[in-house]
Amino acid sequence: MAEYLKRGKPADERAEDDARVRATVEGILGDIEARGDAAVRELSAKFDGYEPAAFRLTPSEIEAAMSRVTTREMEDIRFAQTQIRRFAEAQKASMRDIEVETMPGVILGHRNIPVNSVGCYVPGGKFPMVASAHMSVLTAKVAGVKRIVASAPPVNGAPHPAIVAAMHEGGADEILVLGGVQAVGAMALGTESIAPVDMLVGPGNAFVAEAKRQLFGRVGIDLFAGPTETMVIADDTVDAELVATDLLGQAEHGYNSPACLITNSRKLAEATLAEVERLLQILPTAETARVSWEEYGDVILCADHDEMLKVSEEMAYEHVQVMTDRDDWYLENMTNYGALFLGPRTNGANGDKVIGTNHTRPTKRAGRYTGGRWGGKFIKPHSYQRGRTDAAARLVGEYGSRLCMREGFVGHAEQCNIRVRRYGGVNVPYGEGAPYRDAAE
């Protein structure tokens with residue numbers, strides 16, 4: 001049985017935190033829906049100290065922000081976007097429209113149609129996440145979305161130059177300087193100055209994630225992407241320094257970013273606990289990472305790889321770094337996760353920033369039923385059908401009529417019957433139900 005050498009907050013305390021977040025977000029969204037721009041302006045002033053004449057940047061304001069981005073920074077942004085675009089284009093190419101003749105005269109198909117409008121949220125806060133602009137705006141652009149609205153909070157009272165550059169280079173049609181719940185609420189609900197979108201995407205803190213959850217249904221969302229999670233699955237083929245670095249590298253995101261080591265090596269587990277403490281003495285972001293590690297960090301010792309797999313599948317974390325003597329075995333057998341990082345030569349930061357895979361992935365065990373964001377998240381497969389022959393109309397109508405009547409849907413059955421009369425030359429009086437039920441019935 002798995003042994004916890006370290007455990008974070010119990011589940012009931014985490015649930016209490018979630019309940020407080022839910023209530024706060026519900027109030028904010030209700031205010032935005034009732035008062036529109038006035039509420040958004042007050043919230044921006046309250047949380048970000050930012051009250052511009054307009055939240056949407058003009059072309060000249062975009063140009064001014066981008067002029068503050070260095071040549072090196074712009075080259076880095078373009079390099080990352082090239083990798084992300086290549087993978088997104090390959091993903092889109094894997095989706096194709098189909099049309100098949102399933103039986104003589106019956107044509108079925110589907111068309112892959114992009115969502116018309118998307119709101120892309122890019123987190124700011126302590127760490128302005130330039131990479132999130134690539135991951136949302138650029139991916140939506142590749143998918144063919146017609147209207148892309150991108151929003152990020154101000155940093156030090158102004159638009160963040162590199163985020164604006166990434167949004168613009170990625171293909172955003174509108175750029176807002178607006179953060180938090182007020183940003184996703186305004187994009188989803190609409191205000192006097194911001195037209196609503198059909199879909200919300202992007203990661204964020206617990207409040208942003210909860211806002212997306214409450215808005216889901218009114219608009220689509222990519223997935224529930226809350227505070228980042230990282231898991232390292234390791235055996236004694238790697239050392240504690242590598243493991244601790246990968247754990248703290250994600251724990252620095254925020255005060256509630258879970259980080260977990262699953263191992264079958266007691267020696268590695270104990271060495272990692274010591275190494276985490278050593279690194280926290282020198283890590284510049286230790287103030288945040290320490291709280292996250294102390295309250296949400298786990299070290300789980302398992303008997304063998306089978307138990308390590310079982311525990312990891314139950315937890316279904318977002319980033320899963322696998323460093324073992326059988327990485328391919330985990331790739332073949334794991335089913336619940338956000339993204340896998342296989343072997344010591346790669347890591348979660350590569351996936352978050354530059355390598356090309358999308359960094360918005362399921363958290364809070366959502367990996368059990370959804371994958372991360374990809375080009376297909378912005379594309380809707382819409383089916384259609386066509387009857388080409390009279391014979392097909394009669395045959396399908398006969399079966400359809402009987403099946404409808406078994407459920408008591410006489411009106412449904414009549415939709416089938418009228419086709420039998422029109423295209424089959426059969427005299428069936430209206431309202432007599434399904435004429436083709438077997439005599440034995």
# chains A, B, ... in the order shown; residues from 1 in each chain; ligands from 1
>>> select_by_dssp(residues="segment 265-408 of chain A", states="strand (DSSP E or B)", output="list in words")
Gly297, Asp298, Val299, Ile300, Leu301, His319, Val320, Gln321, Val322, Met323, Ala339, Leu340, Phe341, Leu342, Ile379, Lys380, Pro381, His382, Ser383, Tyr384, Gln385, Arg386 and Gly387 of chain A
>>> write_last_selection(atoms="C-alpha atoms", output="short mmCIF file (atom, residue, chain, number, x, y, z; two decimals), in the first residue's frame")
data_model
loop_
_atom_site.label_atom_id
_atom_site.label_comp_id
_atom_site.auth_asym_id
_atom_site.auth_seq_id
_atom_site.Cartn_x
_atom_site.Cartn_y
_atom_site.Cartn_z
CA GLY A 297 3.05 18.98 -1.76
CA ASP A 298 3.00 15.16 -1.55
CA VAL A 299 5.69 12.50 -1.53
CA ILE A 300 4.25 9.02 -2.06
CA LEU A 301 6.31 5.86 -1.70
CA HIS A 319 2.04 17.86 -15.74
CA VAL A 320 3.40 14.35 -15.34
CA GLN A 321 7.18 14.04 -15.56
CA VAL A 322 8.21 10.39 -16.00
CA MET A 323 11.85 9.53 -15.30
CA ALA A 339 0.54 15.96 -20.61
CA LEU A 340 3.45 13.55 -20.25
CA PHE A 341 7.09 14.60 -20.22
CA LEU A 342 9.11 11.48 -20.88
CA ILE A 379 -13.52 23.14 -34.16
CA LYS A 380 -17.02 21.65 -34.05
CA PRO A 381 -17.80 18.50 -36.06
CA HIS A 382 -21.34 19.05 -37.42
CA SER A 383 -23.10 16.06 -38.95
CA TYR A 384 -25.49 16.00 -41.90
CA GLN A 385 -27.49 13.41 -43.81
CA ARG A 386 -28.95 13.10 -47.29
CA GLY A 387 -31.35 10.59 -48.85
#
>>> residues_around(residues="Asn264 of chain A", least_positions_apart="4", cutoff="10 Å", atoms="only C-alpha atoms", output="MDAnalysis selection string")
chainID A and resid 2 233:236 268:269 300:308
>>> write_last_selection(atoms="C-alpha atoms", output="tab-separated table (two decimals), in the first residue's frame")
chain	number	residue	atom	x	y	z
A	2	ALA	CA	1.28	3.46	-0.92
A	233	ILE	CA	7.09	9.68	-11.36
A	234	ALA	CA	10.64	8.56	-10.72
A	235	ASP	CA	12.77	5.61	-9.72
A	236	ASP	CA	16.41	5.44	-8.73
A	268	LEU	CA	15.11	8.98	-3.60
A	269	ALA	CA	12.02	10.11	-1.66
A	300	ILE	CA	4.25	9.02	-2.06
A	301	LEU	CA	6.31	5.86	-1.70
A	302	CYS	CA	4.98	2.87	-3.66
A	303	ALA	CA	5.93	-0.80	-3.68
A	304	ASP	CA	6.55	-1.07	-7.41
A	305	HIS	CA	5.80	0.44	-10.82
A	306	ASP	CA	2.32	-1.08	-10.96
A	307	GLU	CA	1.36	0.72	-7.77
A	308	MET	CA	3.01	3.94	-8.99
>>> residues_around(residues="segment 75-78 of chain A", least_positions_apart="3", cutoff="9 Å", atoms="only C-alpha atoms", output="list in words")
Thr70, Thr71, Arg72, Gln81, Thr82, Gln83, Val130, Ala131, His134, Ala162, Ala165, Ala166, Glu169 and Val354 of chain A
>>> write_last_selection(atoms="N, CA, C and O atoms", output="mmCIF file, in the first residue's frame")
data_model
loop_
_atom_site.group_PDB
_atom_site.id
_atom_site.type_symbol
_atom_site.label_atom_id
_atom_site.label_comp_id
_atom_site.auth_asym_id
_atom_site.auth_seq_id
_atom_site.Cartn_x
_atom_site.Cartn_y
_atom_site.Cartn_z
ATOM 1 N N THR A 70 12.220 44.087 -26.822
ATOM 2 C CA THR A 70 13.540 44.040 -27.442
ATOM 3 C C THR A 70 13.554 43.083 -28.633
ATOM 4 O O THR A 70 12.683 42.216 -28.771
ATOM 5 N N THR A 71 14.565 43.243 -29.471
ATOM 6 C CA THR A 71 14.717 42.366 -30.628
ATOM 7 C C THR A 71 14.855 40.910 -30.194
ATOM 8 O O THR A 71 14.263 40.001 -30.798
ATOM 9 N N ARG A 72 15.625 40.668 -29.135
ATOM 10 C CA ARG A 72 15.810 39.312 -28.634
ATOM 11 C C ARG A 72 14.490 38.721 -28.147
ATOM 12 O O ARG A 72 14.164 37.563 -28.427
ATOM 13 N N GLN A 81 6.280 30.653 -31.201
ATOM 14 C CA GLN A 81 5.047 30.581 -31.986
ATOM 15 C C GLN A 81 5.214 29.699 -33.219
ATOM 16 O O GLN A 81 4.255 29.040 -33.644
ATOM 17 N N THR A 82 6.399 29.645 -33.770
ATOM 18 C CA THR A 82 6.645 28.753 -34.910
ATOM 19 C C THR A 82 6.465 27.298 -34.501
ATOM 20 O O THR A 82 5.839 26.497 -35.226
ATOM 21 N N GLN A 83 6.992 26.926 -33.326
ATOM 22 C CA GLN A 83 6.852 25.537 -32.864
ATOM 23 C C GLN A 83 5.387 25.208 -32.580
ATOM 24 O O GLN A 83 4.883 24.130 -32.944
ATOM 25 N N VAL A 130 3.385 35.220 -20.885
ATOM 26 C CA VAL A 130 3.454 35.495 -22.314
ATOM 27 C C VAL A 130 3.090 34.248 -23.121
ATOM 28 O O VAL A 130 2.380 34.325 -24.129
ATOM 29 N N ALA A 131 3.552 33.100 -22.664
ATOM 30 C CA ALA A 131 3.320 31.854 -23.410
ATOM 31 C C ALA A 131 1.842 31.536 -23.573
ATOM 32 O O ALA A 131 1.451 30.898 -24.554
ATOM 33 N N HIS A 134 0.451 32.606 -26.905
ATOM 34 C CA HIS A 134 0.698 31.693 -28.023
ATOM 35 C C HIS A 134 -0.294 30.544 -27.998
ATOM 36 O O HIS A 134 -0.876 30.168 -29.025
ATOM 37 N N ALA A 162 5.376 42.465 -23.814
ATOM 38 C CA ALA A 162 5.608 41.171 -24.446
ATOM 39 C C ALA A 162 4.309 40.397 -24.635
ATOM 40 O O ALA A 162 4.140 39.683 -25.637
ATOM 41 N N ALA A 165 2.624 41.909 -27.602
ATOM 42 C CA ALA A 165 3.320 41.476 -28.817
ATOM 43 C C ALA A 165 2.930 40.050 -29.189
ATOM 44 O O ALA A 165 2.666 39.743 -30.360
ATOM 45 N N ALA A 166 2.867 39.164 -28.191
ATOM 46 C CA ALA A 166 2.506 37.770 -28.460
ATOM 47 C C ALA A 166 1.068 37.657 -28.947
ATOM 48 O O ALA A 166 0.772 36.864 -29.852
ATOM 49 N N GLU A 169 1.067 39.135 -32.607
ATOM 50 C CA GLU A 169 1.747 38.232 -33.530
ATOM 51 C C GLU A 169 0.945 36.941 -33.717
ATOM 52 O O GLU A 169 0.963 36.335 -34.794
ATOM 53 N N VAL A 354 7.620 26.505 -24.963
ATOM 54 C CA VAL A 354 8.253 26.624 -26.270
ATOM 55 C C VAL A 354 8.231 25.389 -27.158
ATOM 56 O O VAL A 354 8.309 25.517 -28.380
#
>>> select_by_dssp(residues="segment 176-378 of chain A", states="alpha helix (DSSP H)", output="mmCIF file with C-alpha atoms, in the first residue's frame")
data_model
loop_
_atom_site.group_PDB
_atom_site.id
_atom_site.type_symbol
_atom_site.label_atom_id
_atom_site.label_comp_id
_atom_site.auth_asym_id
_atom_site.auth_seq_id
_atom_site.Cartn_x
_atom_site.Cartn_y
_atom_site.Cartn_z
ATOM 1 C CA GLY A 180 -9.287 38.172 -13.592
ATOM 2 C CA VAL A 181 -12.965 37.338 -13.304
ATOM 3 C CA GLN A 182 -13.897 40.721 -14.737
ATOM 4 C CA ALA A 183 -12.073 39.826 -17.960
ATOM 5 C CA VAL A 184 -13.633 36.422 -18.557
ATOM 6 C CA GLY A 185 -17.001 37.707 -17.341
ATOM 7 C CA ALA A 186 -16.970 40.652 -19.738
ATOM 8 C CA MET A 187 -15.936 38.498 -22.698
ATOM 9 C CA ALA A 188 -18.549 35.837 -21.989
ATOM 10 C CA LEU A 189 -21.489 38.008 -20.914
ATOM 11 C CA ALA A 206 -8.736 29.551 -8.862
ATOM 12 C CA PHE A 207 -11.097 32.508 -9.400
ATOM 13 C CA VAL A 208 -10.703 32.501 -13.181
ATOM 14 C CA ALA A 209 -11.147 28.730 -13.319
ATOM 15 C CA GLU A 210 -14.303 28.977 -11.219
ATOM 16 C CA ALA A 211 -15.644 31.799 -13.412
ATOM 17 C CA LYS A 212 -15.223 29.585 -16.479
ATOM 18 C CA ARG A 213 -17.022 26.778 -14.674
ATOM 19 C CA GLN A 214 -19.971 29.020 -13.802
ATOM 20 C CA LEU A 215 -20.121 30.481 -17.318
ATOM 21 C CA ALA A 240 17.033 14.106 -6.033
ATOM 22 C CA GLU A 241 18.312 17.385 -7.490
ATOM 23 C CA LEU A 242 16.548 16.755 -10.798
ATOM 24 C CA VAL A 243 13.335 15.663 -9.080
ATOM 25 C CA ALA A 244 13.248 18.575 -6.618
ATOM 26 C CA THR A 245 13.958 21.071 -9.386
ATOM 27 C CA ASP A 246 11.034 19.799 -11.432
ATOM 28 C CA LEU A 247 8.697 19.883 -8.419
ATOM 29 C CA LEU A 248 9.569 23.425 -7.358
ATOM 30 C CA GLY A 249 9.704 24.628 -10.948
ATOM 31 C CA GLN A 250 5.912 24.321 -11.051
ATOM 32 C CA ALA A 251 5.156 24.981 -7.371
ATOM 33 C CA ARG A 266 12.694 5.353 -0.317
ATOM 34 C CA LYS A 267 16.226 6.663 -0.777
ATOM 35 C CA LEU A 268 15.111 8.985 -3.600
ATOM 36 C CA ALA A 269 12.018 10.110 -1.664
ATOM 37 C CA GLU A 270 13.979 11.058 1.444
ATOM 38 C CA ALA A 271 16.756 12.690 -0.566
ATOM 39 C CA THR A 272 14.174 14.720 -2.511
ATOM 40 C CA LEU A 273 12.582 16.014 0.694
ATOM 41 C CA ALA A 274 16.010 17.231 1.812
ATOM 42 C CA GLU A 275 16.845 18.666 -1.614
ATOM 43 C CA VAL A 276 13.578 20.605 -1.764
ATOM 44 C CA GLU A 277 14.490 22.284 1.524
ATOM 45 C CA ARG A 278 17.967 23.132 0.197
ATOM 46 C CA LEU A 279 16.589 24.642 -3.014
ATOM 47 C CA LEU A 280 13.997 26.666 -1.120
ATOM 48 C CA ALA A 286 10.732 30.504 -2.684
ATOM 49 C CA GLU A 287 8.170 32.677 -0.913
ATOM 50 C CA THR A 288 5.481 31.322 -3.194
ATOM 51 C CA ALA A 289 6.923 27.868 -3.816
ATOM 52 C CA ARG A 290 7.369 27.119 -0.104
ATOM 53 C CA VAL A 291 3.721 27.770 0.721
ATOM 54 C CA SER A 292 2.640 25.660 -2.226
ATOM 55 C CA TRP A 293 4.981 22.822 -1.273
ATOM 56 C CA GLU A 294 4.070 22.869 2.412
ATOM 57 C CA GLU A 295 0.307 22.995 1.848
ATOM 58 C CA TYR A 296 -0.082 21.093 -1.425
ATOM 59 C CA HIS A 305 5.805 0.438 -10.824
ATOM 60 C CA ASP A 306 2.322 -1.078 -10.961
ATOM 61 C CA GLU A 307 1.363 0.724 -7.769
ATOM 62 C CA MET A 308 3.011 3.936 -8.991
ATOM 63 C CA LEU A 309 0.866 3.727 -12.129
ATOM 64 C CA LYS A 310 -2.290 3.068 -10.106
ATOM 65 C CA VAL A 311 -1.721 6.038 -7.781
ATOM 66 C CA SER A 312 -0.875 8.393 -10.641
ATOM 67 C CA GLU A 313 -3.990 7.350 -12.559
ATOM 68 C CA GLU A 314 -6.178 8.110 -9.541
ATOM 69 C CA MET A 315 -4.636 11.567 -9.066
ATOM 70 C CA ASP A 327 9.195 5.454 -19.629
ATOM 71 C CA ASP A 328 7.560 3.885 -22.699
ATOM 72 C CA TRP A 329 5.642 1.484 -20.440
ATOM 73 C CA TYR A 330 4.066 4.491 -18.711
ATOM 74 C CA LEU A 331 3.274 6.090 -22.082
ATOM 75 C CA GLU A 332 1.487 2.914 -23.167
ATOM 76 C CA ASN A 333 -0.405 2.376 -19.909
ATOM 77 C CA GLY A 348 7.199 20.716 -17.873
ATOM 78 C CA ALA A 349 8.747 24.102 -18.571
ATOM 79 C CA ASN A 350 9.527 23.041 -22.155
ATOM 80 C CA GLY A 351 5.890 22.177 -22.678
ATOM 81 C CA ASP A 352 4.704 25.335 -20.954
ATOM 82 C CA LYS A 353 6.754 27.740 -23.019
#
>>> closest_residue(among="A:Gln281, A:Ser44, A:Gln91, A:Thr58", to="Glu174 of chain A", atoms="only C-alpha atoms")
A:Thr58
>>> residues_around(residues="Ala392 of chain A", least_positions_apart="3", cutoff="8 Å", atoms="only C-alpha atoms", output="count of residues only")
8
>>> closest_residue(among="A:Pro161, A:Gly372, A:Gly119, A:Gly254", to="Glu61 of chain A", atoms="only C-alpha atoms")
A:Pro161
>>> closest_residue(among="A:Ala391, A:Leu178, A:Cys404, A:Ala90", to="Gly375 of chain A", atoms="only C-alpha atoms")
A:Ala90
>>> residues_around(residues="Gly376 of chain A", least_positions_apart="6", cutoff="9 Å", atoms="only C-alpha atoms", output="PDB file with all heavy atoms, in the first residue's frame")
ATOM      1  N   ALA A  88       0.093  22.703 -34.030  1.00  0.00           N
ATOM      2  CA  ALA A  88      -1.342  22.963 -34.177  1.00  0.00           C
ATOM      3  C   ALA A  88      -1.810  22.675 -35.597  1.00  0.00           C
ATOM      4  O   ALA A  88      -2.906  22.138 -35.816  1.00  0.00           O
ATOM      5  CB  ALA A  88      -1.659  24.402 -33.791  1.00  0.00           C
ATOM      6  N   GLN A  91      -2.062  18.985 -35.979  1.00  0.00           N
ATOM      7  CA  GLN A  91      -3.269  18.492 -35.318  1.00  0.00           C
ATOM      8  C   GLN A  91      -4.516  18.775 -36.154  1.00  0.00           C
ATOM      9  O   GLN A  91      -5.380  17.905 -36.317  1.00  0.00           O
ATOM     10  CB  GLN A  91      -3.406  19.142 -33.944  1.00  0.00           C
ATOM     11  CG  GLN A  91      -2.397  18.654 -32.925  1.00  0.00           C
ATOM     12  CD  GLN A  91      -2.576  19.324 -31.587  1.00  0.00           C
ATOM     13  OE1 GLN A  91      -2.808  20.525 -31.503  1.00  0.00           O
ATOM     14  NE2 GLN A  91      -2.489  18.554 -30.513  1.00  0.00           N
ATOM     15  N   LYS A  92      -4.594  19.975 -36.708  1.00  0.00           N
ATOM     16  CA  LYS A  92      -5.760  20.312 -37.533  1.00  0.00           C
ATOM     17  C   LYS A  92      -5.832  19.407 -38.759  1.00  0.00           C
ATOM     18  O   LYS A  92      -6.919  18.971 -39.168  1.00  0.00           O
ATOM     19  CB  LYS A  92      -5.697  21.778 -37.961  1.00  0.00           C
ATOM     20  CG  LYS A  92      -6.927  22.213 -38.754  1.00  0.00           C
ATOM     21  CD  LYS A  92      -6.840  23.656 -39.195  1.00  0.00           C
ATOM     22  CE  LYS A  92      -8.074  24.052 -40.005  1.00  0.00           C
ATOM     23  NZ  LYS A  92      -7.996  25.432 -40.522  1.00  0.00           N
ATOM     24  N   MET A  95      -7.728  16.188 -38.577  1.00  0.00           N
ATOM     25  CA  MET A  95      -9.189  16.230 -38.596  1.00  0.00           C
ATOM     26  C   MET A  95      -9.641  16.446 -40.034  1.00  0.00           C
ATOM     27  O   MET A  95      -9.134  17.338 -40.714  1.00  0.00           O
ATOM     28  CB  MET A  95      -9.703  17.378 -37.726  1.00  0.00           C
ATOM     29  CG  MET A  95      -9.219  17.338 -36.296  1.00  0.00           C
ATOM     30  SD  MET A  95      -9.808  18.764 -35.362  1.00  0.00           S
ATOM     31  CE  MET A  95     -11.563  18.404 -35.292  1.00  0.00           C
ATOM     32  N   ASN A 112     -16.127  19.905 -40.304  1.00  0.00           N
ATOM     33  CA  ASN A 112     -15.429  20.496 -39.166  1.00  0.00           C
ATOM     34  C   ASN A 112     -15.458  22.013 -39.302  1.00  0.00           C
ATOM     35  O   ASN A 112     -14.807  22.580 -40.188  1.00  0.00           O
ATOM     36  CB  ASN A 112     -13.994  19.980 -39.115  1.00  0.00           C
ATOM     37  CG  ASN A 112     -13.937  18.509 -38.782  1.00  0.00           C
ATOM     38  OD1 ASN A 112     -14.401  18.096 -37.723  1.00  0.00           O
ATOM     39  ND2 ASN A 112     -13.382  17.704 -39.675  1.00  0.00           N
ATOM     40  N   PRO A 114     -15.020  25.824 -37.555  1.00  0.00           N
ATOM     41  CA  PRO A 114     -14.441  26.553 -36.427  1.00  0.00           C
ATOM     42  C   PRO A 114     -15.502  27.334 -35.655  1.00  0.00           C
ATOM     43  O   PRO A 114     -16.497  27.798 -36.227  1.00  0.00           O
ATOM     44  CB  PRO A 114     -13.446  27.512 -37.094  1.00  0.00           C
ATOM     45  CG  PRO A 114     -13.199  26.951 -38.448  1.00  0.00           C
ATOM     46  CD  PRO A 114     -14.466  26.256 -38.849  1.00  0.00           C
ATOM     47  N   ALA A 143      -6.901  27.250 -36.132  1.00  0.00           N
ATOM     48  CA  ALA A 143      -8.162  26.527 -36.283  1.00  0.00           C
ATOM     49  C   ALA A 143      -9.130  27.237 -37.218  1.00  0.00           C
ATOM     50  O   ALA A 143     -10.053  26.620 -37.741  1.00  0.00           O
ATOM     51  CB  ALA A 143      -8.822  26.327 -34.924  1.00  0.00           C
TER      52      ALA A 143
END
>>> atom_distance(atom1="atom CA of Leu200 of chain A", atom2="atom CA of Arg373 of chain A")
11.7 Å
>>> atom_distance(atom1="atom CA of Phe79 of chain A", atom2="atom CA of Ile175 of chain A")
21.6 Å
>>> atom_distance(atom1="atom CA of Ile282 of chain A", atom2="atom CA of Leu5 of chain A")
23.6 Å
